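Chemist: This one is run.txt, compact mmCIF, C-alpha atoms.
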```txt
# COMPACT_ATOMS: atom_id res chain seq x y z
CA MET E 16 0.00 0.00 0.00
CA THR E 17 1.03 3.56 -0.56
CA THR E 18 1.08 6.17 2.16
CA SER E 19 -1.30 9.10 2.33
CA ARG E 20 -0.35 12.19 0.38
CA PRO E 21 -1.19 15.84 1.02
CA ALA E 22 -4.68 16.97 0.03
CA GLY E 23 -5.25 18.52 -3.36
CA ALA E 24 -4.24 17.72 -6.90
CA PRO E 25 -0.50 17.69 -7.66
CA ALA E 26 0.80 21.06 -8.77
CA ARG E 27 2.89 21.10 -11.89
CA ASP E 28 5.71 22.77 -9.96
CA ALA E 29 5.41 20.57 -6.86
CA GLN E 30 8.83 19.90 -5.32
CA LEU E 31 9.75 16.46 -4.00
CA LYS E 32 11.47 15.77 -0.71
CA SER E 33 14.94 14.23 -0.64
CA VAL E 34 13.72 10.82 0.61
CA SER E 35 12.95 7.89 -1.75
CA LEU E 36 13.09 10.12 -4.80
CA ARG E 37 12.55 7.25 -7.21
CA GLN E 38 9.38 6.17 -5.43
CA GLN E 39 8.10 9.73 -5.03
CA ALA E 40 8.74 10.46 -8.70
CA ARG E 41 6.95 7.24 -9.65
CA GLU E 42 3.92 8.08 -7.52
CA ALA E 43 3.79 11.66 -8.81
CA LEU E 44 3.88 10.43 -12.41
CA ARG E 45 1.40 7.65 -11.69
CA THR E 46 -1.09 10.16 -10.31
CA ARG E 47 -0.68 12.53 -13.25
CA ILE E 48 -1.14 9.69 -15.73
CA VAL E 49 -4.21 8.21 -14.06
CA LEU E 50 -5.86 11.63 -13.78
CA GLY E 51 -5.06 12.42 -17.40
CA GLN E 52 -2.81 15.35 -16.50
CA ILE E 53 -0.19 14.05 -18.93
CA GLU E 54 -1.60 14.17 -22.43
CA PRO E 55 -1.79 10.64 -23.92
CA GLY E 56 0.28 10.26 -27.08
CA GLN E 57 2.43 13.31 -26.36
CA VAL E 58 6.16 12.74 -25.88
CA GLU E 59 7.31 13.95 -22.45
CA SER E 60 10.92 14.86 -21.70
CA VAL E 61 12.50 13.27 -18.64
CA ILE E 62 14.57 16.43 -18.22
CA ASN E 63 11.45 18.61 -18.13
CA VAL E 64 9.66 16.33 -15.68
CA ALA E 65 12.72 16.27 -13.42
CA SER E 66 12.79 20.07 -13.49
CA GLU E 67 9.10 20.27 -12.58
CA LEU E 68 9.57 17.88 -9.66
CA GLY E 69 12.74 19.56 -8.46
CA VAL E 70 14.96 16.47 -8.65
CA SER E 71 17.79 15.16 -10.80
CA ILE E 72 17.20 13.18 -13.96
CA THR E 73 18.20 9.80 -12.47
CA PRO E 74 15.21 9.16 -10.15
CA VAL E 75 12.79 10.29 -12.84
CA ARG E 76 14.42 8.06 -15.44
CA GLU E 77 14.22 5.14 -12.99
CA ALA E 78 10.58 5.97 -12.23
CA VAL E 79 9.77 6.00 -15.94
CA MET E 80 11.39 2.58 -16.34
CA ASP E 81 9.25 1.27 -13.47
CA LEU E 82 6.09 2.64 -15.07
CA ALA E 83 7.09 1.22 -18.45
CA ASN E 84 7.33 -2.23 -16.88
CA LEU E 85 3.77 -1.74 -15.62
CA GLY E 86 2.52 -0.78 -19.07
CA MET E 87 1.70 2.79 -18.03
CA VAL E 88 4.16 4.51 -20.38
CA GLU E 89 6.11 3.78 -23.53
CA ILE E 90 9.78 4.76 -23.64
CA ILE E 91 10.80 6.72 -26.73
CA ARG E 92 14.53 6.22 -27.27
CA ASN E 93 16.57 9.42 -26.96
CA ARG E 94 13.39 11.50 -26.59
CA GLY E 95 11.61 10.56 -23.36
CA PHE E 96 8.34 8.74 -22.86
CA ARG E 97 4.67 8.93 -23.70
CA VAL E 98 1.44 7.70 -22.18
CA PRO E 99 -0.42 5.29 -24.49
CA VAL E 100 -3.76 6.44 -25.88
CA LEU E 101 -6.55 4.26 -24.51
CA THR E 102 -9.48 3.44 -26.77
CA ASP E 103 -12.94 2.45 -25.60
CA HIS E 104 -11.96 -1.11 -26.49
CA ASP E 105 -8.95 -0.87 -24.17
CA LEU E 106 -11.15 0.35 -21.32
CA GLU E 107 -13.61 -2.45 -22.00
CA GLU E 108 -10.83 -5.04 -21.84
CA ILE E 109 -9.58 -3.65 -18.53
CA PHE E 110 -13.11 -3.55 -17.13
CA ARG E 111 -13.82 -7.16 -18.12
CA LEU E 112 -10.55 -8.42 -16.67
CA ARG E 113 -11.06 -6.54 -13.41
CA THR E 114 -14.62 -7.88 -13.20
CA MET E 115 -13.38 -11.45 -13.74
CA LEU E 116 -10.79 -11.04 -11.00
CA GLU E 117 -12.26 -8.72 -8.41
CA VAL E 118 -15.93 -9.72 -8.23
CA PRO E 119 -15.26 -13.41 -7.40
CA ALA E 120 -12.48 -12.34 -5.04
CA MET E 121 -14.81 -10.05 -3.10
CA VAL E 122 -17.43 -12.79 -2.98
CA GLU E 123 -14.82 -15.10 -1.47
CA LEU E 124 -13.99 -12.39 1.04
CA ALA E 125 -17.63 -12.05 2.06
CA GLU E 126 -17.98 -15.81 2.45
CA SER E 127 -14.82 -16.74 4.24
CA VAL E 128 -12.60 -14.04 5.72
CA ASP E 129 -12.63 -13.12 9.40
CA ARG E 130 -14.87 -10.07 9.79
CA ALA E 131 -12.44 -8.43 12.21
CA SER E 132 -9.84 -8.15 9.46
CA VAL E 133 -12.32 -6.32 7.23
CA ALA E 134 -13.76 -3.98 9.87
CA GLY E 135 -10.88 -1.48 9.61
CA PHE E 136 -11.74 -0.87 5.98
CA ARG E 137 -14.98 0.83 7.00
CA GLN E 138 -12.98 3.74 8.38
CA LEU E 139 -10.83 3.79 5.25
CA ALA E 140 -14.01 3.95 3.14
CA GLU E 141 -15.29 6.85 5.23
CA GLN E 142 -11.99 8.72 4.83
CA LEU E 143 -12.18 8.09 1.10
CA THR E 144 -15.73 9.45 1.02
CA GLY E 145 -14.58 12.51 2.95
CA ALA E 146 -11.87 13.19 0.37
CA ALA E 147 -14.46 12.77 -2.39
CA ARG E 148 -16.84 15.17 -0.66
CA VAL E 149 -14.31 18.01 -0.74
CA GLY E 150 -12.88 17.06 -4.14
CA ASP E 151 -9.35 16.17 -2.98
CA LEU E 152 -8.34 13.91 -5.85
CA VAL E 153 -4.85 12.87 -4.75
CA PRO E 154 -5.90 11.45 -1.36
CA PHE E 155 -9.04 10.05 -2.99
CA LEU E 156 -6.95 8.05 -5.47
CA ASP E 157 -4.51 6.95 -2.78
CA LEU E 158 -7.23 5.80 -0.38
CA ASP E 159 -9.12 4.12 -3.22
CA ARG E 160 -6.00 2.13 -4.08
CA GLN E 161 -5.41 1.22 -0.43
CA PHE E 162 -9.03 0.15 -0.08
CA HIS E 163 -9.30 -2.18 -3.06
CA LEU E 164 -5.83 -3.70 -3.01
CA GLY E 165 -5.90 -3.93 0.78
CA LEU E 166 -9.10 -5.97 0.75
CA LEU E 167 -7.67 -8.28 -1.90
CA GLU E 168 -4.51 -8.75 0.19
CA LEU E 169 -6.67 -10.35 2.89
CA LEU E 170 -7.10 -13.34 0.58
CA GLY E 171 -3.34 -13.98 0.65
CA ASN E 172 -2.93 -14.09 -3.13
CA ARG E 173 -0.01 -11.84 -4.05
CA ARG E 174 -0.38 -12.44 -7.78
CA LEU E 175 -4.02 -11.39 -7.69
CA VAL E 176 -3.11 -8.14 -5.95
CA ALA E 177 -0.29 -7.46 -8.42
CA MET E 178 -2.48 -8.14 -11.46
CA VAL E 179 -5.33 -5.94 -10.24
CA GLY E 180 -2.88 -3.20 -9.29
CA GLN E 181 -1.42 -3.23 -12.77
CA LEU E 182 -4.85 -3.14 -14.42
CA ARG E 183 -5.80 -0.18 -12.25
CA ASP E 184 -2.64 1.64 -13.32
CA GLN E 185 -3.35 1.02 -16.99
CA ALA E 186 -6.83 2.54 -16.75
CA ARG E 187 -7.63 6.27 -16.81
CA MET E 188 -9.68 8.39 -14.44
CA GLU E 189 -9.83 11.55 -16.50
CA GLY E 190 -13.44 12.06 -15.46
CA LEU E 191 -12.69 12.42 -11.74
CA GLN E 192 -11.84 16.10 -11.97
CA LYS E 193 -15.17 16.85 -13.64
CA LEU E 194 -17.05 14.82 -11.02
CA ALA E 195 -15.20 16.66 -8.25
CA ASP E 196 -15.92 20.05 -9.84
CA GLN E 197 -19.61 19.19 -10.08
CA GLY E 198 -19.77 17.81 -6.54
CA GLU E 199 -20.67 14.34 -7.84
CA LEU E 200 -17.63 12.42 -6.61
CA THR E 201 -19.17 11.73 -3.20
CA GLN E 202 -21.40 9.00 -4.60
CA SER E 203 -18.35 7.08 -5.81
CA GLY E 204 -16.89 7.36 -2.32
CA GLU E 205 -20.07 6.15 -0.66
CA GLU E 206 -20.05 3.03 -2.84
CA HIS E 207 -16.96 1.89 -0.92
CA VAL E 208 -18.86 2.10 2.37
CA ALA E 209 -21.67 -0.01 0.93
CA ILE E 210 -19.20 -2.63 -0.32
CA VAL E 211 -17.57 -2.96 3.10
CA GLU E 212 -20.96 -3.29 4.79
CA ALA E 213 -21.97 -6.02 2.35
CA VAL E 214 -18.75 -7.94 2.99
CA LEU E 215 -19.11 -7.57 6.77
CA SER E 216 -22.68 -8.85 6.59
CA GLY E 217 -21.50 -11.91 4.69
CA ASP E 218 -23.91 -11.16 1.85
CA ALA E 219 -22.00 -12.57 -1.13
CA GLU E 220 -24.74 -11.81 -3.66
CA LEU E 221 -25.00 -8.16 -2.66
CA THR E 222 -21.20 -7.85 -2.55
CA ALA E 223 -20.97 -9.11 -6.13
CA GLU E 224 -23.72 -6.76 -7.32
CA LEU E 225 -22.18 -3.69 -5.66
CA MET E 226 -18.67 -4.53 -6.82
CA ARG E 227 -19.76 -5.11 -10.41
CA LYS E 228 -21.63 -1.80 -10.47
CA HIS E 229 -18.64 -0.03 -8.89
CA LEU E 230 -16.24 -1.36 -11.51
CA THR E 231 -18.56 -0.23 -14.31
CA HIS E 232 -17.45 3.33 -13.55
CA SER E 233 -13.93 2.42 -14.70
CA ARG E 234 -15.16 2.41 -18.29
CA GLY E 235 -17.75 5.12 -17.67
CA ILE E 236 -17.82 8.27 -15.56
CA TRP E 237 -14.37 7.80 -14.00
CA ALA E 238 -12.86 7.60 -17.47
CA GLY E 239 -14.85 10.60 -18.67
CA ARG E 240 -17.16 8.43 -20.78
CA THR E 241 -20.94 8.25 -20.83
CA GLU E 242 -22.17 5.42 -18.68
CA GLY E 243 -24.76 3.01 -20.03
CA ASN E 244 -27.43 1.08 -18.18
CA GLY E 245 -25.69 -2.28 -18.55
```
Please express what this file holds, its structure, as structure tokens.

Modeler:
Amino acid sequence: MTTSRPAGAPARDAQLKSVSLRQQAREALRTRIVLGQIEPGQVESVINVASELGVSITPVREAVMDLANLGMVEIIRNRGFRVPVLTDHDLEEIFRLRTMLEVPAMVELAESVDRASVAGFRQLAEQLTGAARVGDLVPFLDLDRQFHLGLLELLGNRRLVAMVGQLRDQARMEGLQKLADQGELTQSGEEHVAIVEAVLSGDAELTAELMRKHLTHSRGIWAGRTEGNG
């Protein structure tokens, strides 16, 4: 899990601290990519990014290599990197894979895992909803990641957590800023509370229904697309 970050969207001139620069650069770039703050298809210079973050080229170059291994960026030799353009078909593939993996996993959680180990996630869901209510996207994304991957970790399947984490990174949440601006992000936060309550109640059918609906946003409003009734 990642640690909580300061409230508010990352400023383009945000300076990084001198601790774990590679990791901080990676997280800063990850957030910008997921939120669509780096234009897909546009070549970005490592030198320029390093200047914006206030660090040397090395940690940024290393961070870019990490993200390339996750499929989040493509390295352009002697030029920098670019974020791949995602089509509706790409989003649909990611949604279907996440549904195949996460819905059954959450059902298993509702049916078998000790409730005490899940109870702490209620508070995390409430914190996430609070961040959504005031439109703080960076902590919202961080808490959302902690919530979903943390619940999956309770099943003890490291490969499942890694695969879902990578799929999350490859998706886009360009629509979050619009939802936050319109005061409509709170509903997405509240869905996390409902999912935790369903798991704690041991209601596998409701857990599956809520989780499937929640994931639908990954190809809809979170990605800045129109959401259907399916």

Chemist: What gap, in Å, lies between atom CA of Arg174 of chain E and atom CA of Leu36 of chain E?

Modeler: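 Separation between atom CA of Arg174 of chain E and atom CA of Leu36 of chain E: 26.4 Å.
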
Chemist: Choose the residue, out of E:Leu166, E:Ile53, E:Ala40, E:Ala147, that has the smallest atom-to-atom separation from Ile72 of chain E; count only C-alpha atoms.

Modeler: E:Ala40

Chemist: What's around Pro99 of chain E at 9 Å? Count all atoms listed in the file, leave out sequence neighbours fewer than 2 positions away in its own chain, and write the answer as a list in words.

Modeler: Pro55, Gly56, Gln57, Gly86, Met87, Val88, Glu89, Arg97 and Leu101 of chain E

Chemist: Looking at E:Val79, E:Gln52, E:Trp237, E:Val61, which one is nearest to Arg37 of chain E, with distances taken over only C-alpha atoms?

Modeler: E:Val79

Chemist: Would you mind listing what lies within 9 Å of Arg45 of chain E as a list of chain:residue names, with all atoms listed in the file counted and same-chain residues fewer than 4 positions away left out?

Modeler: E:Ala40, E:Arg41, E:Val49, E:Leu50, E:Leu82, E:Met87, E:Asp184

Chemist: When you count only C-alpha atoms, which of these residues is closest to Thr46 of chain E: E:Leu139, E:Val100, E:Ile62, E:Leu152?

Modeler: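 Counting only C-alpha atoms, the residue closest to Thr46 of chain E is E:Leu152.
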
Chemist: Pull segment 53-65 of chain E out of the block and emit all heavy atoms, as a tab-separated table (two decimals), in the first residue's frame.

Modeler:
```
chain	number	residue	atom	x	y	z
E	53	ILE	N	-1.20	14.16	-17.88
E	53	ILE	CA	-0.19	14.05	-18.93
E	53	ILE	C	-0.93	13.62	-20.19
E	53	ILE	O	-1.57	12.57	-20.21
E	53	ILE	CB	0.90	13.03	-18.56
E	53	ILE	CG1	1.69	13.51	-17.34
E	53	ILE	CG2	1.84	12.81	-19.74
E	53	ILE	CD1	2.78	12.56	-16.89
E	54	GLU	N	-0.84	14.42	-21.21
E	54	GLU	CA	-1.60	14.17	-22.43
E	54	GLU	C	-1.19	12.86	-23.09
E	54	GLU	O	-0.02	12.68	-23.46
E	54	GLU	CB	-1.39	15.32	-23.41
E	54	GLU	CG	-2.26	15.26	-24.64
E	54	GLU	CD	-3.72	15.55	-24.33
E	54	GLU	OE1	-4.00	16.24	-23.34
E	54	GLU	OE2	-4.57	15.08	-25.11
E	55	PRO	N	-2.11	11.90	-23.25
E	55	PRO	CA	-1.79	10.64	-23.92
E	55	PRO	C	-1.29	10.88	-25.35
E	55	PRO	O	-1.83	11.73	-26.07
E	55	PRO	CB	-3.13	9.89	-23.92
E	55	PRO	CG	-3.88	10.47	-22.76
E	55	PRO	CD	-3.50	11.92	-22.74
E	56	GLY	N	-0.26	10.15	-25.73
E	56	GLY	CA	0.28	10.26	-27.08
E	56	GLY	C	1.33	11.33	-27.24
E	56	GLY	O	2.05	11.35	-28.24
E	57	GLN	N	1.45	12.23	-26.28
E	57	GLN	CA	2.43	13.31	-26.36
E	57	GLN	C	3.75	12.89	-25.72
E	57	GLN	O	3.76	12.38	-24.61
E	57	GLN	CB	1.88	14.55	-25.64
E	57	GLN	CG	2.83	15.73	-25.61
E	57	GLN	CD	2.20	16.95	-24.95
E	57	GLN	OE1	1.08	17.33	-25.29
E	57	GLN	NE2	2.89	17.53	-23.99
E	58	VAL	N	4.85	13.11	-26.41
E	58	VAL	CA	6.16	12.74	-25.88
E	58	VAL	C	6.56	13.71	-24.77
E	58	VAL	O	6.52	14.92	-24.95
E	58	VAL	CB	7.23	12.73	-26.98
E	58	VAL	CG1	8.60	12.41	-26.39
E	58	VAL	CG2	6.87	11.73	-28.07
E	59	GLU	N	6.90	13.16	-23.61
E	59	GLU	CA	7.31	13.95	-22.45
E	59	GLU	C	8.82	13.79	-22.25
E	59	GLU	O	9.35	12.69	-22.35
E	59	GLU	CB	6.58	13.49	-21.20
E	59	GLU	CG	5.09	13.77	-21.19
E	59	GLU	CD	4.78	15.22	-20.92
E	59	GLU	OE1	5.62	15.90	-20.28
E	59	GLU	OE2	3.71	15.70	-21.34
E	60	SER	N	9.48	14.88	-21.94
E	60	SER	CA	10.92	14.86	-21.70
E	60	SER	C	11.20	14.54	-20.23
E	60	SER	O	10.61	15.15	-19.33
E	60	SER	CB	11.52	16.21	-22.05
E	60	SER	OG	12.82	16.35	-21.52
E	61	VAL	N	12.10	13.60	-20.00
E	61	VAL	CA	12.50	13.27	-18.64
E	61	VAL	C	13.15	14.48	-17.98
E	61	VAL	O	12.94	14.74	-16.78
E	61	VAL	CB	13.48	12.07	-18.64
E	61	VAL	CG1	14.08	11.86	-17.26
E	61	VAL	CG2	12.76	10.80	-19.09
E	62	ILE	N	13.90	15.23	-18.75
E	62	ILE	CA	14.57	16.43	-18.22
E	62	ILE	C	13.53	17.44	-17.73
E	62	ILE	O	13.66	18.01	-16.65
E	62	ILE	CB	15.47	17.06	-19.29
E	62	ILE	CG1	16.61	16.12	-19.66
E	62	ILE	CG2	16.01	18.40	-18.81
E	62	ILE	CD1	17.50	16.62	-20.78
E	63	ASN	N	12.48	17.65	-18.52
E	63	ASN	CA	11.45	18.61	-18.13
E	63	ASN	C	10.70	18.16	-16.89
E	63	ASN	O	10.40	18.96	-16.00
E	63	ASN	CB	10.46	18.82	-19.29
E	63	ASN	CG	11.07	19.57	-20.46
E	63	ASN	OD1	12.12	20.20	-20.31
E	63	ASN	ND2	10.45	19.48	-21.61
E	64	VAL	N	10.38	16.86	-16.84
E	64	VAL	CA	9.66	16.33	-15.68
E	64	VAL	C	10.53	16.47	-14.43
E	64	VAL	O	10.04	16.85	-13.35
E	64	VAL	CB	9.27	14.86	-15.89
E	64	VAL	CG1	8.70	14.25	-14.61
E	64	VAL	CG2	8.24	14.75	-17.02
E	65	ALA	N	11.81	16.15	-14.56
E	65	ALA	CA	12.72	16.27	-13.42
E	65	ALA	C	12.78	17.71	-12.92
E	65	ALA	O	12.79	17.97	-11.71
E	65	ALA	CB	14.11	15.79	-13.81
```
